[in-house]
file my_file.cif (mmCIF, C-alpha atoms)
data_data
loop_
_atom_site.group_PDB
_atom_site.id
_atom_site.type_symbol
_atom_site.label_atom_id
_atom_site.label_comp_id
_atom_site.auth_asym_id
_atom_site.auth_seq_id
_atom_site.Cartn_x
_atom_site.Cartn_y
_atom_site.Cartn_z
ATOM 1 C CA MET Q 1 133.700 102.697 131.201
ATOM 2 C CA LEU Q 2 135.611 101.574 128.178
ATOM 3 C CA ASP Q 3 138.973 103.306 128.087
ATOM 4 C CA GLY Q 4 137.551 106.408 129.800
ATOM 5 C CA CYS Q 5 134.447 106.467 127.611
ATOM 6 C CA PHE Q 6 130.941 106.305 129.104
ATOM 7 C CA VAL Q 7 129.024 103.494 127.387
ATOM 8 C CA ALA Q 8 125.224 103.560 127.221
ATOM 9 C CA VAL Q 9 123.086 100.906 125.572
ATOM 10 C CA TRP Q 10 119.731 101.963 124.159
ATOM 11 C CA GLU Q 11 117.104 99.205 124.173
ATOM 12 C CA GLY Q 12 113.455 99.152 123.195
ATOM 13 C CA THR Q 13 111.009 97.517 120.847
ATOM 14 C CA ASP Q 14 110.626 98.530 117.207
ATOM 15 C CA GLY Q 15 108.738 101.811 117.164
ATOM 16 C CA SER Q 16 109.558 102.739 120.760
ATOM 17 C CA GLY Q 17 111.632 105.714 119.640
ATOM 18 C CA LYS Q 18 115.009 104.538 120.938
ATOM 19 C CA THR Q 19 116.948 105.408 117.789
ATOM 20 C CA THR Q 20 115.259 108.809 117.487
ATOM 21 C CA LEU Q 21 115.996 109.600 121.148
ATOM 22 C CA ARG Q 22 119.584 108.350 120.858
ATOM 23 C CA ARG Q 23 120.206 110.566 117.842
ATOM 24 C CA GLU Q 24 118.733 113.592 119.623
ATOM 25 C CA VAL Q 25 120.880 113.007 122.726
ATOM 26 C CA GLU Q 26 123.953 112.592 120.481
ATOM 27 C CA LYS Q 27 123.171 115.866 118.718
ATOM 28 C CA ARG Q 28 122.739 117.753 121.997
ATOM 29 C CA LEU Q 29 125.902 116.330 123.547
ATOM 30 C CA LYS Q 30 127.883 117.255 120.432
ATOM 31 C CA LYS Q 31 126.517 120.816 120.629
ATOM 32 C CA LEU Q 32 127.872 120.930 124.188
ATOM 33 C CA GLY Q 33 131.308 119.978 122.882
ATOM 34 C CA TYR Q 34 131.360 116.276 123.765
ATOM 35 C CA ARG Q 35 132.689 113.645 121.402
ATOM 36 C CA VAL Q 36 130.015 111.023 120.763
ATOM 37 C CA ALA Q 37 130.155 107.821 118.724
ATOM 38 C CA SER Q 38 127.490 105.187 118.200
ATOM 39 C CA TYR Q 39 126.940 101.720 116.804
ATOM 40 C CA LYS Q 40 123.699 100.008 115.797
ATOM 41 C CA THR Q 41 123.031 96.284 115.809
ATOM 42 C CA PRO Q 42 122.230 94.254 113.913
ATOM 43 C CA SER Q 43 124.949 95.751 111.779
ATOM 44 C CA ARG Q 44 125.675 95.635 108.068
ATOM 45 C CA THR Q 45 128.514 93.160 108.723
ATOM 46 C CA ALA Q 46 128.377 89.578 107.439
ATOM 47 C CA THR Q 47 126.954 88.285 110.737
ATOM 48 C CA GLY Q 48 124.426 91.112 110.955
ATOM 49 C CA LEU Q 49 123.185 90.684 107.409
ATOM 50 C CA PHE Q 50 122.928 86.917 107.866
ATOM 51 C CA ALA Q 51 121.067 87.277 111.175
ATOM 52 C CA VAL Q 52 118.501 89.589 109.588
ATOM 53 C CA ARG Q 53 118.175 87.665 106.325
ATOM 54 C CA TYR Q 54 118.008 84.165 107.794
ATOM 55 C CA GLY Q 55 116.853 84.799 111.363
ATOM 56 C CA ASN Q 56 113.745 86.693 110.285
ATOM 57 C CA ARG Q 57 112.523 83.968 107.930
ATOM 58 C CA ARG Q 58 109.156 82.482 108.755
ATOM 59 C CA GLY Q 59 109.561 79.148 110.499
ATOM 60 C CA VAL Q 60 113.076 79.712 111.850
ATOM 61 C CA ASP Q 61 113.354 78.190 115.303
ATOM 62 C CA PRO Q 62 113.320 80.908 118.013
ATOM 63 C CA LEU Q 63 116.521 79.554 119.575
ATOM 64 C CA VAL Q 64 118.297 79.679 116.208
ATOM 65 C CA ARG Q 65 117.078 83.250 115.726
ATOM 66 C CA MET Q 66 118.243 84.296 119.186
ATOM 67 C CA LEU Q 67 121.684 82.777 118.668
ATOM 68 C CA LEU Q 68 122.082 84.425 115.248
ATOM 69 C CA PHE Q 69 121.379 87.906 116.596
ATOM 70 C CA LEU Q 70 123.485 87.204 119.674
ATOM 71 C CA ALA Q 71 126.343 86.084 117.414
ATOM 72 C CA ASN Q 72 126.148 89.396 115.558
ATOM 73 C CA THR Q 73 126.313 91.521 118.699
ATOM 74 C CA ILE Q 74 129.200 89.500 120.112
ATOM 75 C CA ASP Q 75 131.032 89.466 116.778
ATOM 76 C CA ASP Q 76 130.602 93.235 116.486
ATOM 77 C CA SER Q 77 131.886 93.891 120.008
ATOM 78 C CA GLY Q 78 135.434 93.905 118.663
ATOM 79 C CA LEU Q 79 134.457 96.442 115.995
ATOM 80 C CA MET Q 80 132.815 98.598 118.643
ATOM 81 C CA ALA Q 81 135.915 98.505 120.845
ATOM 82 C CA LYS Q 82 138.087 99.489 117.858
ATOM 83 C CA LYS Q 83 135.733 102.374 117.090
ATOM 84 C CA VAL Q 84 136.054 103.633 120.673
ATOM 85 C CA MET Q 85 139.843 103.272 120.632
ATOM 86 C CA SER Q 86 140.216 105.084 117.303
ATOM 87 C CA SER Q 87 137.714 107.918 117.803
ATOM 88 C CA ARG Q 88 138.197 108.396 121.571
ATOM 89 C CA PRO Q 89 134.648 109.586 122.287
ATOM 90 C CA ASP Q 90 133.423 110.839 125.650
ATOM 91 C CA PHE Q 91 130.212 108.867 125.105
ATOM 92 C CA PHE Q 92 129.607 105.687 123.134
ATOM 93 C CA PHE Q 93 126.007 104.717 122.416
ATOM 94 C CA ILE Q 94 125.030 101.211 121.340
ATOM 95 C CA ASP Q 95 121.621 100.942 119.693
ATOM 96 C CA ARG Q 96 120.632 97.436 120.815
ATOM 97 C CA TYR Q 97 123.159 95.051 122.275
ATOM 98 C CA TYR Q 98 123.176 91.536 123.684
ATOM 99 C CA LEU Q 99 120.439 92.229 126.276
ATOM 100 C CA CYS Q 100 117.988 92.662 123.412
ATOM 101 C CA SER Q 101 118.989 89.394 121.757
ATOM 102 C CA VAL Q 102 118.596 87.457 125.003
ATOM 103 C CA VAL Q 103 115.311 89.012 126.166
ATOM 104 C CA TYR Q 104 113.637 88.902 122.755
ATOM 105 C CA GLY Q 105 114.870 85.359 122.166
ATOM 106 C CA LEU Q 106 113.572 84.122 125.518
ATOM 107 C CA ALA Q 107 110.202 85.775 124.854
ATOM 108 C CA LEU Q 108 109.895 84.015 121.487
ATOM 109 C CA LEU Q 109 110.892 80.690 123.024
ATOM 110 C CA LYS Q 110 108.332 81.128 125.794
ATOM 111 C CA ARG Q 111 105.660 82.066 123.250
ATOM 112 C CA VAL Q 112 106.110 78.730 121.454
ATOM 113 C CA GLY Q 113 105.854 76.838 124.742
ATOM 114 C CA ARG Q 114 109.510 76.187 125.525
ATOM 115 C CA GLU Q 115 110.762 76.257 129.067
ATOM 116 C CA VAL Q 116 113.118 79.201 129.473
ATOM 117 C CA PRO Q 117 115.479 80.233 132.263
ATOM 118 C CA ASP Q 118 115.136 83.488 134.136
ATOM 119 C CA VAL Q 119 116.594 86.329 132.078
ATOM 120 C CA SER Q 120 119.302 86.933 134.707
ATOM 121 C CA VAL Q 121 120.496 83.326 134.355
ATOM 122 C CA ALA Q 122 120.696 83.661 130.571
ATOM 123 C CA MET Q 123 122.464 87.035 130.830
ATOM 124 C CA ASP Q 124 125.005 85.643 133.302
ATOM 125 C CA LEU Q 125 125.738 82.770 130.933
ATOM 126 C CA VAL Q 126 126.210 85.089 127.934
ATOM 127 C CA GLU Q 127 128.410 87.471 129.934
ATOM 128 C CA LYS Q 128 130.570 84.637 131.279
ATOM 129 C CA MET Q 129 131.010 83.081 127.850
ATOM 130 C CA GLY Q 130 131.567 86.483 126.222
ATOM 131 C CA GLY Q 131 134.250 87.362 128.735
ATOM 132 C CA ASP Q 132 136.406 90.336 127.831
ATOM 133 C CA ARG Q 133 135.026 90.382 124.300
ATOM 134 C CA LEU Q 134 131.796 92.018 125.471
ATOM 135 C CA ILE Q 135 131.625 95.719 126.206
ATOM 136 C CA ARG Q 136 130.195 96.294 129.672
ATOM 137 C CA PRO Q 137 127.747 99.182 129.541
ATOM 138 C CA ASP Q 138 127.770 101.852 132.222
ATOM 139 C CA LEU Q 139 124.068 102.420 131.655
ATOM 140 C CA TYR Q 140 121.116 100.713 129.999
ATOM 141 C CA ILE Q 141 118.435 103.071 128.700
ATOM 142 C CA ILE Q 142 115.168 101.208 128.184
ATOM 143 C CA VAL Q 143 112.786 103.166 125.962
ATOM 144 C CA ASP Q 144 109.129 102.255 126.284
ATOM 145 C CA VAL Q 145 105.968 103.491 124.634
ATOM 146 C CA ASN Q 146 102.381 102.300 124.857
ATOM 147 C CA GLU Q 147 101.532 99.554 122.400
ATOM 148 C CA GLU Q 148 98.973 101.583 120.452
ATOM 149 C CA GLU Q 149 101.540 104.312 119.747
ATOM 150 C CA ARG Q 150 104.244 101.775 118.907
ATOM 151 C CA LEU Q 151 101.997 100.034 116.377
ATOM 152 C CA ARG Q 152 101.004 103.383 114.842
ATOM 153 C CA ARG Q 153 104.681 104.257 114.381
ATOM 154 C CA ILE Q 154 105.614 101.010 112.666
ATOM 155 C CA ALA Q 155 102.475 100.694 110.512
ATOM 156 C CA GLY Q 156 103.576 100.458 106.923
ATOM 157 C CA LYS Q 157 107.224 100.790 107.894
ATOM 158 C CA LYS Q 158 109.342 97.739 107.109
ATOM 159 C CA SER Q 159 111.951 97.236 109.811
ATOM 160 C CA SER Q 160 115.418 96.876 108.378
ATOM 161 C CA ASP Q 161 116.952 95.346 111.454
ATOM 162 C CA ARG Q 162 114.657 93.070 113.401
#
call {"tool": "encode", "arguments": {"input": "my_file.cif", "output": "structure tokens"}}
result
Amino acid sequence: MLDGCFVAVWEGTDGSGKTTLRREVEKRLKKLGYRVASYKTPSRTATGLFAVRYGNRRGVDPLVRMLLFLANTIDDSGLMAKKVMSSRPDFFFIDRYYLCSVVYGLALLKRVGREVPDVSVAMDLVEKMGGDRLIRPDLYIIVDVNEEERLRRIAGKKSSDR
């Protein structure tokens, strides 16, 4: 909990439906009278825009890409905390956070033949280095969908974030 607020992180691949589900849960909680706030990464901040613009270029090293997106989520953690402090929500939803950057980055590194640590080792390292700057989620919600459906959903749709 962050200052009495329940924090849930929504993770999933492009086209899994995580943002759609998050928005629906937000809408339903608000109808029940709860205060809900959310934040989506990569953001439209300088680090988010740079991560998307540079990190998604063809030929960018997977480690560079991972660190760019990780930098955005860590940089934005302060903005997220300020949003929680100013709006005092009952629930705060983060649409992708540092888990995504680490897992996706390790997968890309592995795909190009690099030796990668276990995800728990990488997560521990990020959490130790991030210290109090990182928001500790109360819950991770991993949204999954079969690959055929995911590909159908993203066909012809240009992703604006990853």
call {"tool": "residues_around", "arguments": {"input": "my_file.cif", "residues": "segment 56-72 of chain Q", "least_positions_apart": "4", "cutoff": "9 Å", "atoms": "all atoms listed in the file", "output": "list of chain:residue names"}}
result
Q:Thr41, Q:Pro42, Q:Ser43, Q:Thr45, Q:Ala46, Q:Thr47, Q:Gly48, Q:Leu49, Q:Phe50, Q:Ala51, Q:Val52, Q:Asp76, Q:Ser77, Q:Tyr97, Q:Tyr98, Q:Leu99, Q:Cys100, Q:Ser101, Q:Val102, Q:Val103, Q:Tyr104, Q:Gly105, Q:Leu106, Q:Ala107, Q:Leu108, Q:Leu109, Q:Val112, Q:Val126, Q:Arg162
call {"tool": "resolve_selection", "arguments": {"input": "my_file.cif", "expression": "the PyMOL selection byres ((chain Q and resi 137) around 12)", "output": "ChimeraX atom specification"}}
result
/Q:1-2,5-11,77,81,91-99,127,134-136,138-141
call {"tool": "closest_residue", "arguments": {"input": "my_file.cif", "among": "Q:Thr13, Q:Arg88, Q:Tyr54, Q:Leu21", "to": "Val36 of chain Q", "atoms": "all atoms listed in the file"}}
result
Q:Arg88
call {"tool": "atom_distance", "arguments": {"input": "my_file.cif", "atom1": "atom CA of Asp3 of chain Q", "atom2": "atom CA of Tyr34 of chain Q"}}
result
15.6 Å
call {"tool": "atom_distance", "arguments": {"input": "my_file.cif", "atom1": "atom CA of Ile142 of chain Q", "atom2": "atom CA of Ser86 of chain Q"}}
result
27.6 Å
call {"tool": "residues_around", "arguments": {"input": "my_file.cif", "residues": "segment 149-155 of chain Q", "least_positions_apart": "6", "cutoff": "9 Å", "atoms": "all atoms listed in the file", "output": "ChimeraX atom specification"}}
result
/Q:13-17
call {"tool": "atom_distance", "arguments": {"input": "my_file.cif", "atom1": "atom CA of Gly33 of chain Q", "atom2": "atom CA of Leu79 of chain Q"}}
result
24.7 Å
call {"tool": "closest_residue", "arguments": {"input": "my_file.cif", "among": "Q:Asp124, Q:Asp90, Q:Glu115, Q:Asp75", "to": "Ser38 of chain Q", "atoms": "only C-alpha atoms"}}
result
Q:Asp90
